[in-house]
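For reference, data06.cif is printed below; it contains mmCIF, C-alpha atoms and all ligand atoms.
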```
data_entry
loop_
_atom_site.label_atom_id
_atom_site.label_comp_id
_atom_site.auth_asym_id
_atom_site.auth_seq_id
_atom_site.Cartn_x
_atom_site.Cartn_y
_atom_site.Cartn_z
CA MET A 82 -78.12 -3.71 53.80
CA SER A 83 -74.90 -2.56 52.20
CA ALA A 84 -71.61 -3.54 53.79
CA GLN A 85 -69.09 -1.32 55.55
CA ILE A 86 -66.20 -0.96 53.11
CA ILE A 87 -62.95 -1.69 54.92
CA ASP A 88 -60.46 0.79 53.48
CA GLY A 89 -57.01 -0.79 53.51
CA LYS A 90 -55.36 2.43 52.34
CA VAL A 91 -56.62 4.34 55.40
CA ILE A 92 -55.71 1.58 57.88
CA ALA A 93 -52.28 1.04 56.26
CA ALA A 94 -51.62 4.81 56.54
CA GLN A 95 -52.45 4.66 60.27
CA ILE A 96 -49.97 1.81 60.71
CA ARG A 97 -47.26 3.63 58.75
CA ASN A 98 -47.74 6.67 61.03
CA GLU A 99 -47.40 4.46 64.11
CA VAL A 100 -44.23 2.93 62.65
CA LYS A 101 -42.81 6.37 61.85
CA ALA A 102 -43.37 7.47 65.45
CA ASP A 103 -41.58 4.34 66.72
CA VAL A 104 -38.67 4.91 64.31
CA GLU A 105 -38.30 8.46 65.68
CA ARG A 106 -38.49 7.16 69.26
CA MET A 107 -35.77 4.60 68.51
CA LYS A 108 -33.57 7.23 66.87
CA ALA A 109 -33.94 9.54 69.87
CA ALA A 110 -33.12 6.72 72.32
CA THR A 111 -30.26 5.00 70.47
CA GLY A 112 -29.12 7.23 67.58
CA LYS A 113 -29.96 4.34 65.24
CA VAL A 114 -32.80 3.61 62.83
CA PRO A 115 -34.27 0.24 61.75
CA GLY A 116 -32.66 -1.28 58.65
CA LEU A 117 -34.19 -3.58 56.04
CA ALA A 118 -32.09 -5.56 53.53
CA ALA A 119 -33.94 -6.49 50.35
CA VAL A 120 -32.34 -9.33 48.42
CA LEU A 121 -33.41 -9.59 44.79
CA VAL A 122 -32.16 -12.42 42.62
CA GLY A 123 -32.51 -12.12 38.83
CA ASP A 124 -34.38 -9.55 36.76
CA ARG A 125 -38.10 -10.41 37.04
CA LYS A 126 -39.93 -7.16 36.41
CA ASP A 127 -42.69 -7.87 38.99
CA SER A 128 -40.11 -8.66 41.70
CA GLN A 129 -38.17 -5.49 40.83
CA THR A 130 -41.37 -3.46 41.24
CA TYR A 131 -42.23 -5.07 44.60
CA VAL A 132 -38.72 -4.42 45.94
CA ARG A 133 -38.73 -0.82 44.66
CA ASN A 134 -42.09 -0.19 46.38
CA LYS A 135 -40.83 -1.69 49.63
CA LYS A 136 -37.70 0.49 49.61
CA LYS A 137 -39.78 3.61 48.88
CA ALA A 138 -42.14 2.77 51.76
CA CYS A 139 -39.11 2.31 54.06
CA ALA A 140 -37.77 5.76 53.13
CA GLU A 141 -41.15 7.37 53.89
CA VAL A 142 -41.10 6.21 57.52
CA GLY A 143 -37.35 6.65 58.12
CA ILE A 144 -36.28 2.99 57.84
CA ALA A 145 -32.89 2.53 56.12
CA SER A 146 -33.00 0.07 53.24
CA PHE A 147 -30.13 -1.86 51.73
CA GLY A 148 -30.58 -3.33 48.25
CA TYR A 149 -28.81 -6.47 47.03
CA ASP A 150 -29.40 -7.07 43.30
CA LEU A 151 -27.89 -10.45 42.54
CA PRO A 152 -27.53 -12.23 39.18
CA ALA A 153 -30.09 -14.90 38.23
CA ASP A 154 -27.32 -17.53 37.98
CA ILE A 155 -25.92 -16.95 41.49
CA SER A 156 -25.01 -20.23 43.19
CA GLN A 157 -26.79 -21.57 46.26
CA ASP A 158 -23.59 -21.13 48.30
CA ASP A 159 -23.02 -17.54 47.22
CA LEU A 160 -26.62 -16.60 48.02
CA LYS A 161 -26.34 -18.28 51.42
CA LYS A 162 -23.16 -16.27 52.02
CA VAL A 163 -24.99 -12.98 51.34
CA VAL A 164 -27.74 -13.94 53.80
CA THR A 165 -25.19 -15.05 56.42
CA GLU A 166 -23.35 -11.71 56.14
CA LEU A 167 -26.63 -9.83 56.56
CA ASN A 168 -27.41 -11.95 59.64
CA ALA A 169 -24.20 -10.60 61.18
CA ASN A 170 -24.68 -6.96 60.13
CA PRO A 171 -25.90 -4.94 63.16
CA ASP A 172 -27.41 -2.21 60.95
CA VAL A 173 -29.76 -4.75 59.36
CA HIS A 174 -32.79 -5.71 61.48
CA GLY A 175 -34.85 -7.33 58.75
CA ILE A 176 -33.89 -9.51 55.78
CA LEU A 177 -36.28 -9.91 52.92
CA VAL A 178 -35.50 -12.41 50.18
CA GLN A 179 -37.88 -11.59 47.35
CA LEU A 180 -39.72 -14.70 46.12
CA PRO A 181 -39.87 -16.55 43.81
CA LEU A 182 -36.19 -17.48 43.56
CA PRO A 183 -34.79 -18.97 40.34
CA GLY A 184 -35.50 -22.69 39.86
CA HIS A 185 -31.95 -23.90 40.67
CA ILE A 186 -32.06 -22.33 44.15
CA ASP A 187 -33.31 -24.35 47.12
CA GLU A 188 -35.75 -21.76 48.48
CA GLU A 189 -36.43 -23.58 51.75
CA GLU A 190 -32.73 -23.71 52.59
CA ILE A 191 -32.27 -19.99 51.85
CA LEU A 192 -35.29 -18.98 53.95
CA GLY A 193 -34.01 -21.26 56.73
CA THR A 194 -30.63 -19.47 56.64
CA ILE A 195 -32.19 -16.12 57.63
CA SER A 196 -31.70 -15.49 61.36
CA ILE A 197 -35.13 -15.83 63.04
CA GLU A 198 -34.48 -12.47 64.73
CA LYS A 199 -34.38 -10.85 61.26
CA ASP A 200 -37.05 -12.94 59.50
CA VAL A 201 -39.42 -10.03 58.80
CA ASP A 202 -41.38 -12.01 56.19
CA GLY A 203 -42.08 -14.62 58.88
CA PHE A 204 -41.33 -17.52 56.50
CA HIS A 205 -38.58 -19.18 58.55
CA PRO A 206 -39.70 -22.72 59.49
CA LEU A 207 -39.15 -21.91 63.20
CA ASN A 208 -41.40 -18.85 63.05
CA ILE A 209 -44.09 -20.79 61.15
CA GLY A 210 -43.69 -23.68 63.61
CA ARG A 211 -44.16 -21.39 66.61
CA LEU A 212 -47.19 -19.82 64.93
CA SER A 213 -48.68 -23.31 64.59
CA MET A 214 -48.27 -24.24 68.27
CA LYS A 215 -50.39 -23.26 71.20
CA ARG A 216 -48.85 -20.67 73.55
CA ARG A 217 -45.72 -20.27 71.39
CA GLU A 218 -45.07 -16.78 70.09
CA PRO A 219 -43.32 -16.42 66.72
CA LEU A 220 -40.91 -13.48 66.53
CA PHE A 221 -42.53 -12.46 63.23
CA VAL A 222 -45.84 -13.23 61.55
CA PRO A 223 -46.10 -13.21 57.71
CA CYS A 224 -47.13 -9.76 56.51
CA THR A 225 -50.26 -10.42 54.43
CA PRO A 226 -52.03 -12.62 57.03
CA ARG A 227 -51.05 -10.20 59.81
CA GLY A 228 -52.55 -7.42 57.68
CA CYS A 229 -55.82 -9.37 57.33
CA ILE A 230 -56.17 -9.64 61.11
CA GLU A 231 -55.39 -5.94 61.58
CA LEU A 232 -58.11 -5.04 59.06
CA ILE A 233 -60.70 -7.05 61.02
CA ILE A 234 -59.71 -5.73 64.45
CA ARG A 235 -59.17 -2.10 63.49
CA SER A 236 -62.58 -2.08 61.79
CA GLY A 237 -64.14 -2.98 65.14
CA TYR A 238 -64.99 -6.67 64.60
CA SER A 239 -64.13 -9.28 67.21
CA ILE A 240 -62.71 -12.68 66.31
CA ASP A 241 -63.13 -14.46 69.66
CA GLY A 242 -65.65 -17.31 69.42
CA LYS A 243 -66.54 -16.60 65.77
CA ARG A 244 -66.80 -19.18 62.98
CA ALA A 245 -64.02 -18.36 60.51
CA VAL A 246 -63.47 -19.89 57.08
CA VAL A 247 -60.17 -19.49 55.24
CA LEU A 248 -60.21 -20.23 51.52
CA GLY A 249 -56.70 -21.40 50.56
CA ARG A 250 -53.93 -23.16 52.47
CA SER A 251 -50.74 -21.64 51.03
CA ASN A 252 -47.71 -21.18 53.27
CA ILE A 253 -47.70 -17.43 52.71
CA VAL A 254 -51.38 -16.58 53.17
CA GLY A 255 -54.01 -19.26 53.89
CA LEU A 256 -52.24 -21.38 56.47
CA PRO A 257 -50.78 -18.56 58.62
CA ALA A 258 -54.07 -16.62 58.38
CA ALA A 259 -55.90 -19.66 59.77
CA MET A 260 -53.36 -20.00 62.61
CA LEU A 261 -53.74 -16.34 63.54
CA LEU A 262 -57.54 -16.68 63.67
CA LEU A 263 -57.15 -19.77 65.84
CA HIS A 264 -54.81 -17.91 68.23
CA ARG A 265 -57.59 -15.35 68.58
CA ASN A 266 -60.08 -18.07 69.50
CA ALA A 267 -62.05 -18.37 66.28
CA THR A 268 -63.32 -21.81 65.26
CA VAL A 269 -61.52 -22.20 61.97
CA THR A 270 -62.21 -24.22 58.80
CA ILE A 271 -59.52 -24.25 56.11
CA CYS A 272 -60.74 -24.92 52.56
CA HIS A 273 -58.73 -25.87 49.48
CA SER A 274 -59.10 -27.35 46.01
CA ARG A 275 -60.27 -30.72 47.39
CA THR A 276 -62.93 -29.34 49.74
CA LYS A 277 -66.39 -30.75 49.00
CA ASN A 278 -69.54 -28.57 49.02
CA LEU A 279 -67.50 -25.38 49.20
CA PRO A 280 -70.44 -22.91 49.15
CA GLU A 281 -72.07 -24.79 52.04
CA VAL A 282 -68.88 -24.58 54.12
CA VAL A 283 -68.32 -20.90 53.28
CA ARG A 284 -71.91 -20.11 54.34
CA GLU A 285 -71.02 -21.07 57.93
CA ALA A 286 -68.53 -18.22 58.18
CA ASP A 287 -68.92 -15.15 60.40
CA ILE A 288 -65.45 -14.19 59.11
CA LEU A 289 -64.24 -15.17 55.64
CA ILE A 290 -60.65 -14.79 54.42
CA ALA A 291 -60.44 -15.61 50.71
CA ALA A 292 -56.98 -16.39 49.27
CA VAL A 293 -57.41 -18.73 46.31
CA GLY A 294 -56.46 -16.65 43.26
CA ARG A 295 -59.76 -17.38 41.40
CA ALA A 296 -61.51 -14.28 40.04
CA GLU A 297 -64.81 -13.55 41.83
CA MET A 298 -65.30 -17.17 42.87
CA VAL A 299 -67.28 -16.41 46.04
CA ARG A 300 -70.84 -15.40 45.11
CA LYS A 301 -73.61 -13.71 47.06
CA ASP A 302 -75.42 -16.99 47.75
CA TRP A 303 -72.22 -18.50 49.21
CA VAL A 304 -72.17 -16.20 52.22
CA LYS A 305 -74.19 -15.76 55.40
CA PRO A 306 -75.74 -12.28 55.79
CA GLY A 307 -73.59 -10.26 58.18
CA VAL A 308 -70.29 -11.95 57.29
CA VAL A 309 -67.02 -9.98 57.50
CA VAL A 310 -65.09 -10.59 54.25
CA ILE A 311 -61.35 -10.11 53.77
CA ASP A 312 -60.48 -10.63 50.11
CA VAL A 313 -56.78 -11.33 49.56
CA GLY A 314 -57.08 -12.40 45.92
CA ILE A 315 -55.59 -10.29 43.13
CA ASN A 316 -56.74 -11.46 39.71
CA ALA A 317 -56.45 -9.70 36.34
CA VAL A 318 -59.55 -10.07 34.13
CA ASP A 319 -59.91 -8.82 30.55
CA ASP A 320 -61.67 -5.46 30.33
CA ALA A 321 -61.74 -3.63 27.00
CA SER A 322 -63.12 -0.49 28.70
CA ASP A 323 -59.95 -0.16 30.80
CA PRO A 324 -56.99 1.55 29.05
CA ARG A 325 -54.76 -1.30 30.25
CA GLY A 326 -57.11 -3.88 28.70
CA TYR A 327 -57.64 -5.53 32.06
CA ARG A 328 -58.78 -4.75 35.58
CA LEU A 329 -58.00 -6.31 38.94
CA VAL A 330 -60.64 -8.20 40.90
CA GLY A 331 -60.58 -10.25 44.07
CA ASP A 332 -61.64 -13.81 44.84
CA VAL A 333 -65.02 -12.49 45.97
CA ALA A 334 -67.74 -11.08 43.68
CA TYR A 335 -67.53 -7.70 45.42
CA ASP A 336 -70.61 -5.96 43.94
CA GLU A 337 -72.92 -8.84 44.89
CA VAL A 338 -71.42 -9.83 48.22
CA LYS A 339 -71.31 -6.27 49.58
CA GLU A 340 -75.11 -6.31 49.46
CA VAL A 341 -75.26 -8.97 52.19
CA ALA A 342 -71.97 -8.73 54.11
CA ALA A 343 -71.49 -6.64 57.25
CA ALA A 344 -68.07 -5.56 55.98
CA ILE A 345 -65.85 -6.24 52.99
CA THR A 346 -62.45 -5.23 51.62
CA PRO A 347 -62.25 -3.94 48.03
CA VAL A 348 -59.69 -5.08 45.45
CA PRO A 349 -57.57 -3.10 44.92
CA GLY A 350 -57.34 -0.99 48.06
CA GLY A 351 -58.06 -3.60 50.72
CA VAL A 352 -55.44 -6.16 51.76
CA GLY A 353 -52.83 -5.00 49.20
CA PRO A 354 -51.70 -1.81 51.00
CA MET A 355 -51.52 -3.71 54.31
CA THR A 356 -48.78 -6.10 53.21
CA ILE A 357 -46.08 -3.42 52.94
CA ALA A 358 -47.35 -1.63 56.08
CA MET A 359 -46.91 -4.87 58.05
CA LEU A 360 -43.41 -5.34 56.61
CA LEU A 361 -42.50 -1.89 57.99
CA ARG A 362 -44.10 -2.85 61.32
CA ASN A 363 -42.20 -6.16 61.47
CA THR A 364 -38.87 -4.48 60.60
CA THR A 365 -39.36 -1.84 63.27
CA ASP A 366 -40.44 -4.43 65.84
CA GLY A 367 -37.24 -6.40 65.09
CA ALA A 368 -35.09 -3.27 65.46
CA MET A 369 -36.78 -2.24 68.71
CA ARG A 370 -36.34 -5.76 70.11
CA ALA A 371 -32.65 -5.78 69.12
CA ASN A 372 -32.20 -2.44 70.95
CA GLY A 373 -34.07 -3.44 74.10
CA LEU A 374 -37.00 -1.11 73.37
CA MET A 375 -39.61 -3.88 73.22
P1 LIG B 1 -51.58 -20.20 46.02
O1 LIG B 1 -51.82 -20.49 44.59
O2 LIG B 1 -50.28 -20.54 46.64
O3 LIG B 1 -52.71 -20.95 46.88
C1 LIG B 1 -54.04 -20.97 46.47
C2 LIG B 1 -54.86 -21.81 47.42
O4 LIG B 1 -56.20 -21.80 46.96
C3 LIG B 1 -54.42 -23.27 47.48
O5 LIG B 1 -54.47 -23.72 48.81
C4 LIG B 1 -55.45 -23.99 46.62
O6 LIG B 1 -55.76 -25.30 47.05
C5 LIG B 1 -56.68 -23.13 46.83
N1 LIG B 1 -57.58 -23.19 45.67
C6 LIG B 1 -57.26 -22.95 44.36
N2 LIG B 1 -58.36 -23.10 43.61
C7 LIG B 1 -59.38 -23.43 44.42
C8 LIG B 1 -60.75 -23.72 44.23
N3 LIG B 1 -61.30 -23.68 43.00
N4 LIG B 1 -61.48 -24.03 45.30
C9 LIG B 1 -60.96 -24.05 46.53
N5 LIG B 1 -59.65 -23.79 46.79
C10 LIG B 1 -58.88 -23.49 45.73
O7 LIG B 1 -51.94 -18.66 46.21
P2 LIG B 1 -51.50 -17.61 47.36
O8 LIG B 1 -51.97 -18.05 48.68
O9 LIG B 1 -50.08 -17.25 47.18
O10 LIG B 1 -52.34 -16.34 46.86
C11 LIG B 1 -53.75 -16.37 46.82
C12 LIG B 1 -54.24 -15.08 46.18
O11 LIG B 1 -53.87 -13.98 47.00
C13 LIG B 1 -53.68 -14.77 44.80
O12 LIG B 1 -54.66 -14.12 44.04
C14 LIG B 1 -52.54 -13.82 45.08
O13 LIG B 1 -52.27 -12.95 43.99
C15 LIG B 1 -53.11 -13.04 46.24
N6 LIG B 1 -52.09 -12.45 47.14
C16 LIG B 1 -52.28 -11.15 47.51
C17 LIG B 1 -51.40 -10.54 48.38
C18 LIG B 1 -51.65 -9.13 48.79
O14 LIG B 1 -50.76 -8.45 49.24
N7 LIG B 1 -52.89 -8.66 48.69
C19 LIG B 1 -50.20 -11.22 48.88
C20 LIG B 1 -50.14 -12.62 48.51
C21 LIG B 1 -51.07 -13.20 47.65
P3 LIG B 1 -54.69 -26.53 47.04
O15 LIG B 1 -53.79 -26.27 48.20
O16 LIG B 1 -55.53 -27.72 47.21
O17 LIG B 1 -53.98 -26.43 45.72
#
```
Could you render the structure from this file as structure tokens?
Amino acid sequence: MSAQIIDGKVIAAQIRNEVKADVERMKAATGKVPGLAAVLVGDRKDSQTYVRNKKKACAEVGIASFGYDLPADISQDDLKKVVTELNANPDVHGILVQLPLPGHIDEEEILGTISIEKDVDGFHPLNIGRLSMKRREPLFVPCTPRGCIELIIRSGYSIDGKRAVVLGRSNIVGLPAAMLLLHRNATVTICHSRTKNLPEVVREADILIAAVGRAEMVRKDWVKPGVVVIDVGINAVDDASDPRGYRLVGDVAYDEVKEVAAAITPVPGGVGPMTIAMLLRNTTDGAMRANGLM
């Protein structure tokens, strides 16, 4: 058996089209479009690229984006002031503070300053808290985990009653992904660097979300035949045959595991394209809520 390949580019394109239609609907009803403010502190090249890609994606669906490029030595108070002003700006429906922030900035305090109505990354402690409680709805769910769930559902797999294993417990991926699976009635095991007998635990999974950042760690004999695999990992490995000298691989040994899985996401082209699509979805949801359209 060879697995169904879950194509994140195709599913992300569907979501972007849905968002575009909602943006047009909002414009027709209110004369306004959703707005996303992207706050970038310092000059990290990777962060600059992520922010540039997010702004480009906004433009493609008709979302207005506002860029704030701030110096690396900005003070905590000045950064808080920028966020507070954006909280009050009615044209801004989503605020994205690109992480990581420089070492002297208290990241938790900055993320906690973002109004929960505009917390499109879903990292505000109140949104994470609501996500972790039964029958509490967060206003926003973090983009990458939300994208993982969309990939499973839109590929026709149910989560209800399934055994799910999440590899990784980070605040941005593993933990919220596990909470989302739990909300959808999976029986969830969260694994991390201290988990004993990892392959044995992973073999119980009907659904596996891997987010550890370890190149091709999950092997064929770690998984149960018929598992649905969502590979979040992005790892660069040396490859002299590639003009760049490296290639990107996931946390799952794709070529082996696809022989036994029911479905699997490739890296690249699986979870990656979903993260920005879900940011567009979250921003538009926030704007529609603010305008009484949701
Ligand atoms: P973190 O480094 O924050 O978390 C990694 C998690 O994996 C931790 O919980 C850690 O355990 C666990 N872990 C590490 N090594 C092992 C091991 N050998 N066995 C079991 N568990 C282990 O990473 P992120 O969650 O931020 O990211 C994970 C991966 O996903 C990365 O490759 C990242 O690049 C990618 N990513 C991809 C995105 C996308 O858009 N596709 C978006 C975000 C991330 P412990 O808690 O005990 O330390």
For this session: Let me have all residues with an atom within 6 Å of ligand LIG 1 (chain B), counting only C-alpha atoms and all ligand atoms, laid out as a ChimeraX atom specification.
Result: /A:225,248-251,253-255,272-275,292-294,313-316,352-353,356
Go ahead and write the selection's residues with C-alpha atoms as a tab-separated table (two decimals), in the frame of the given file.
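This went into selection_39.tsv:
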```tsv
chain	number	residue	atom	x	y	z
A	225	THR	CA	-50.26	-10.42	54.43
A	248	LEU	CA	-60.21	-20.23	51.52
A	249	GLY	CA	-56.70	-21.40	50.56
A	250	ARG	CA	-53.93	-23.16	52.47
A	251	SER	CA	-50.74	-21.64	51.03
A	253	ILE	CA	-47.70	-17.43	52.71
A	254	VAL	CA	-51.38	-16.58	53.17
A	255	GLY	CA	-54.01	-19.26	53.89
A	272	CYS	CA	-60.74	-24.92	52.56
A	273	HIS	CA	-58.73	-25.87	49.48
A	274	SER	CA	-59.10	-27.35	46.01
A	275	ARG	CA	-60.27	-30.72	47.39
A	292	ALA	CA	-56.98	-16.39	49.27
A	293	VAL	CA	-57.41	-18.73	46.31
A	294	GLY	CA	-56.46	-16.65	43.26
A	313	VAL	CA	-56.78	-11.33	49.56
A	314	GLY	CA	-57.08	-12.40	45.92
A	315	ILE	CA	-55.59	-10.29	43.13
A	316	ASN	CA	-56.74	-11.46	39.71
A	352	VAL	CA	-55.44	-6.16	51.76
A	353	GLY	CA	-52.83	-5.00	49.20
A	356	THR	CA	-48.78	-6.10	53.21
```
If we count all atoms listed in the file and set the cut-off at 9 Å, which residues sit around range 235-244 of chain A, ignoring sequence neighbours fewer than 5 positions away in its own chain? Please answer as a compact mmCIF listing (two decimals) with C-alpha atoms, in the frame of the given file.
```
# COMPACT_ATOMS: atom_id res chain seq x y z
CA ILE A 87 -62.95 -1.69 54.92
CA ILE A 92 -55.71 1.58 57.88
CA ILE A 230 -56.17 -9.64 61.11
CA LEU A 262 -57.54 -16.68 63.67
CA LEU A 263 -57.15 -19.77 65.84
CA ARG A 265 -57.59 -15.35 68.58
CA ASN A 266 -60.08 -18.07 69.50
CA ALA A 267 -62.05 -18.37 66.28
CA THR A 268 -63.32 -21.81 65.26
CA VAL A 269 -61.52 -22.20 61.97
CA THR A 270 -62.21 -24.22 58.80
CA GLU A 285 -71.02 -21.07 57.93
CA ALA A 286 -68.53 -18.22 58.18
CA ASP A 287 -68.92 -15.15 60.40
CA ILE A 288 -65.45 -14.19 59.11
CA LEU A 289 -64.24 -15.17 55.64
CA VAL A 309 -67.02 -9.98 57.50
CA ALA A 344 -68.07 -5.56 55.98
```
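Interatomic distance, CA of Ala84 in chain A to CA of Glu297 in chain A: 17.0 Å.
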For this session: Could you pull out every residue with an atom within 12 Å of (-35.0, -10.3, 57.9), file coordinates, counting all atoms listed in the file, and send them as an MDAnalysis selection string?
Result: chainID A and resid 115:120 146:147 164:179 191:205 208 220:223 360:361 363:368
Seminar exercise, completed: From the list A:Val282, A:Val341, A:Val100, A:Val91, the nearest residue to Lys301 in chain A using all atoms listed in the file is A:Val341
Exercise. Suppose you want the space between CA of Gly351 in chain A and CA of Ile209 in chain A; what is it in Å?
Worked result: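 CA of Ile209 in chain A lies at a distance of 24.5 Å from CA of Gly351 in chain A.
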Problem set entry | Long-range neighbours of Arg328 in chain A as a list in words, 10 Å cut-off, only C-alpha atoms, 4 positions minimum in chain |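 Here the answer would be Ile315, Asn316, Ala317, Val318, Asp319, Asp320, Ala321, Ser322, Asp323, Pro324, Val348 and Pro349 of chain A.
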Exercise. In Å, how far is it from CA of Ala258 in chain A to CA of Pro226 in chain A?
Worked result: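 Taking CA of Ala258 in chain A and CA of Pro226 in chain A, their separation equals 4.7 Å.
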Problem set entry | Val338 in chain A surroundings by all atoms listed in the file, 12 Å radius, close-in-sequence under 2 positions cut, as JSON, numbers by chain | {"A": [82, 83, 84, 85, 86, 284, 289, 297, 298, 299, 300, 301, 302, 303, 304, 305, 306, 307, 308, 309, 310, 311, 312, 331, 332, 333, 334, 335, 336, 340, 341, 342, 343, 344, 345, 346, 347]}
Problem set entry | Selection near range 122-130 of chain A, 8 Å with only C-alpha atoms, sequence-local residues under 4 positions removed, as a VMD selection string | chain A and resid 134 150 to 155 179 to 180 182 to 183
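The smallest atom-to-atom distance between Cys139 in chain A and any of A:Lys90, A:Arg227, A:Lys101, A:His185, using all atoms listed in the file, is found for A:Lys101.
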Just so I have it separately, write range 329-346 of chain A from the block I sent, keeping N, CA, C and O atoms, as a JSON list (two decimals), in the first residue's frame.
```json
[["chain", "number", "residue", "atom", "x", "y", "z"],
["A", 329, "LEU", "N", 15.46, 20.12, 2.43],
["A", 329, "LEU", "CA", 14.60, 20.15, 3.62],
["A", 329, "LEU", "C", 13.89, 18.81, 3.77],
["A", 329, "LEU", "O", 13.38, 18.25, 2.79],
["A", 330, "VAL", "N", 13.88, 18.31, 4.99],
["A", 330, "VAL", "CA", 13.14, 17.07, 5.28],
["A", 330, "VAL", "C", 12.31, 17.29, 6.54],
["A", 330, "VAL", "O", 12.55, 18.22, 7.32],
["A", 331, "GLY", "N", 11.34, 16.42, 6.74],
["A", 331, "GLY", "CA", 10.48, 16.52, 7.91],
["A", 331, "GLY", "C", 11.02, 15.73, 9.09],
["A", 331, "GLY", "O", 12.18, 15.29, 9.10],
["A", 332, "ASP", "N", 10.16, 15.54, 10.08],
["A", 332, "ASP", "CA", 10.51, 14.73, 11.25],
["A", 332, "ASP", "C", 10.23, 13.25, 11.00],
["A", 332, "ASP", "O", 10.51, 12.41, 11.84],
["A", 333, "VAL", "N", 9.61, 12.97, 9.84],
["A", 333, "VAL", "CA", 9.21, 11.61, 9.51],
["A", 333, "VAL", "C", 10.01, 11.16, 8.28],
["A", 333, "VAL", "O", 10.17, 11.95, 7.33],
["A", 334, "ALA", "N", 10.48, 9.92, 8.29],
["A", 334, "ALA", "CA", 11.21, 9.37, 7.14],
["A", 334, "ALA", "C", 10.18, 9.08, 6.04],
["A", 334, "ALA", "O", 9.62, 7.97, 5.93],
["A", 335, "TYR", "N", 9.90, 10.12, 5.25],
["A", 335, "TYR", "CA", 8.79, 10.13, 4.30],
["A", 335, "TYR", "C", 8.78, 8.91, 3.37],
["A", 335, "TYR", "O", 7.76, 8.22, 3.25],
["A", 336, "ASP", "N", 9.91, 8.63, 2.72],
["A", 336, "ASP", "CA", 9.94, 7.56, 1.70],
["A", 336, "ASP", "C", 9.57, 6.20, 2.29],
["A", 336, "ASP", "O", 8.90, 5.40, 1.65],
["A", 337, "GLU", "N", 10.00, 5.95, 3.52],
["A", 337, "GLU", "CA", 9.67, 4.67, 4.18],
["A", 337, "GLU", "C", 8.23, 4.66, 4.69],
["A", 337, "GLU", "O", 7.49, 3.71, 4.45],
["A", 338, "VAL", "N", 7.88, 5.72, 5.39],
["A", 338, "VAL", "CA", 6.59, 5.73, 6.11],
["A", 338, "VAL", "C", 5.42, 5.77, 5.12],
["A", 338, "VAL", "O", 4.36, 5.19, 5.38],
["A", 339, "LYS", "N", 5.62, 6.39, 3.96],
["A", 339, "LYS", "CA", 4.51, 6.44, 3.00],
["A", 339, "LYS", "C", 4.14, 5.05, 2.48],
["A", 339, "LYS", "O", 3.07, 4.85, 1.93],
["A", 340, "GLU", "N", 5.03, 4.09, 2.66],
["A", 340, "GLU", "CA", 4.72, 2.72, 2.23],
["A", 340, "GLU", "C", 3.68, 2.06, 3.13],
["A", 340, "GLU", "O", 3.02, 1.10, 2.73],
["A", 341, "VAL", "N", 3.55, 2.53, 4.36],
["A", 341, "VAL", "CA", 2.62, 1.87, 5.30],
["A", 341, "VAL", "C", 1.47, 2.77, 5.76],
["A", 341, "VAL", "O", 0.44, 2.27, 6.22],
["A", 342, "ALA", "N", 1.65, 4.09, 5.65],
["A", 342, "ALA", "CA", 0.62, 5.01, 6.14],
["A", 342, "ALA", "C", -0.58, 5.03, 5.20],
["A", 342, "ALA", "O", -0.47, 4.69, 4.01],
["A", 343, "ALA", "N", -1.74, 5.45, 5.75],
["A", 343, "ALA", "CA", -2.91, 5.69, 4.88],
["A", 343, "ALA", "C", -2.74, 7.01, 4.15],
["A", 343, "ALA", "O", -3.13, 7.16, 3.00],
["A", 344, "ALA", "N", -2.15, 7.99, 4.86],
["A", 344, "ALA", "CA", -1.98, 9.32, 4.28],
["A", 344, "ALA", "C", -0.80, 10.00, 4.96],
["A", 344, "ALA", "O", -0.51, 9.74, 6.14],
["A", 345, "ILE", "N", -0.14, 10.88, 4.23],
["A", 345, "ILE", "CA", 1.04, 11.56, 4.79],
["A", 345, "ILE", "C", 1.24, 12.91, 4.10],
["A", 345, "ILE", "O", 0.92, 13.06, 2.91],
["A", 346, "THR", "N", 1.75, 13.88, 4.84],
["A", 346, "THR", "CA", 2.09, 15.18, 4.24],
["A", 346, "THR", "C", 3.57, 15.19, 3.85],
["A", 346, "THR", "O", 4.41, 14.72, 4.61]]
```
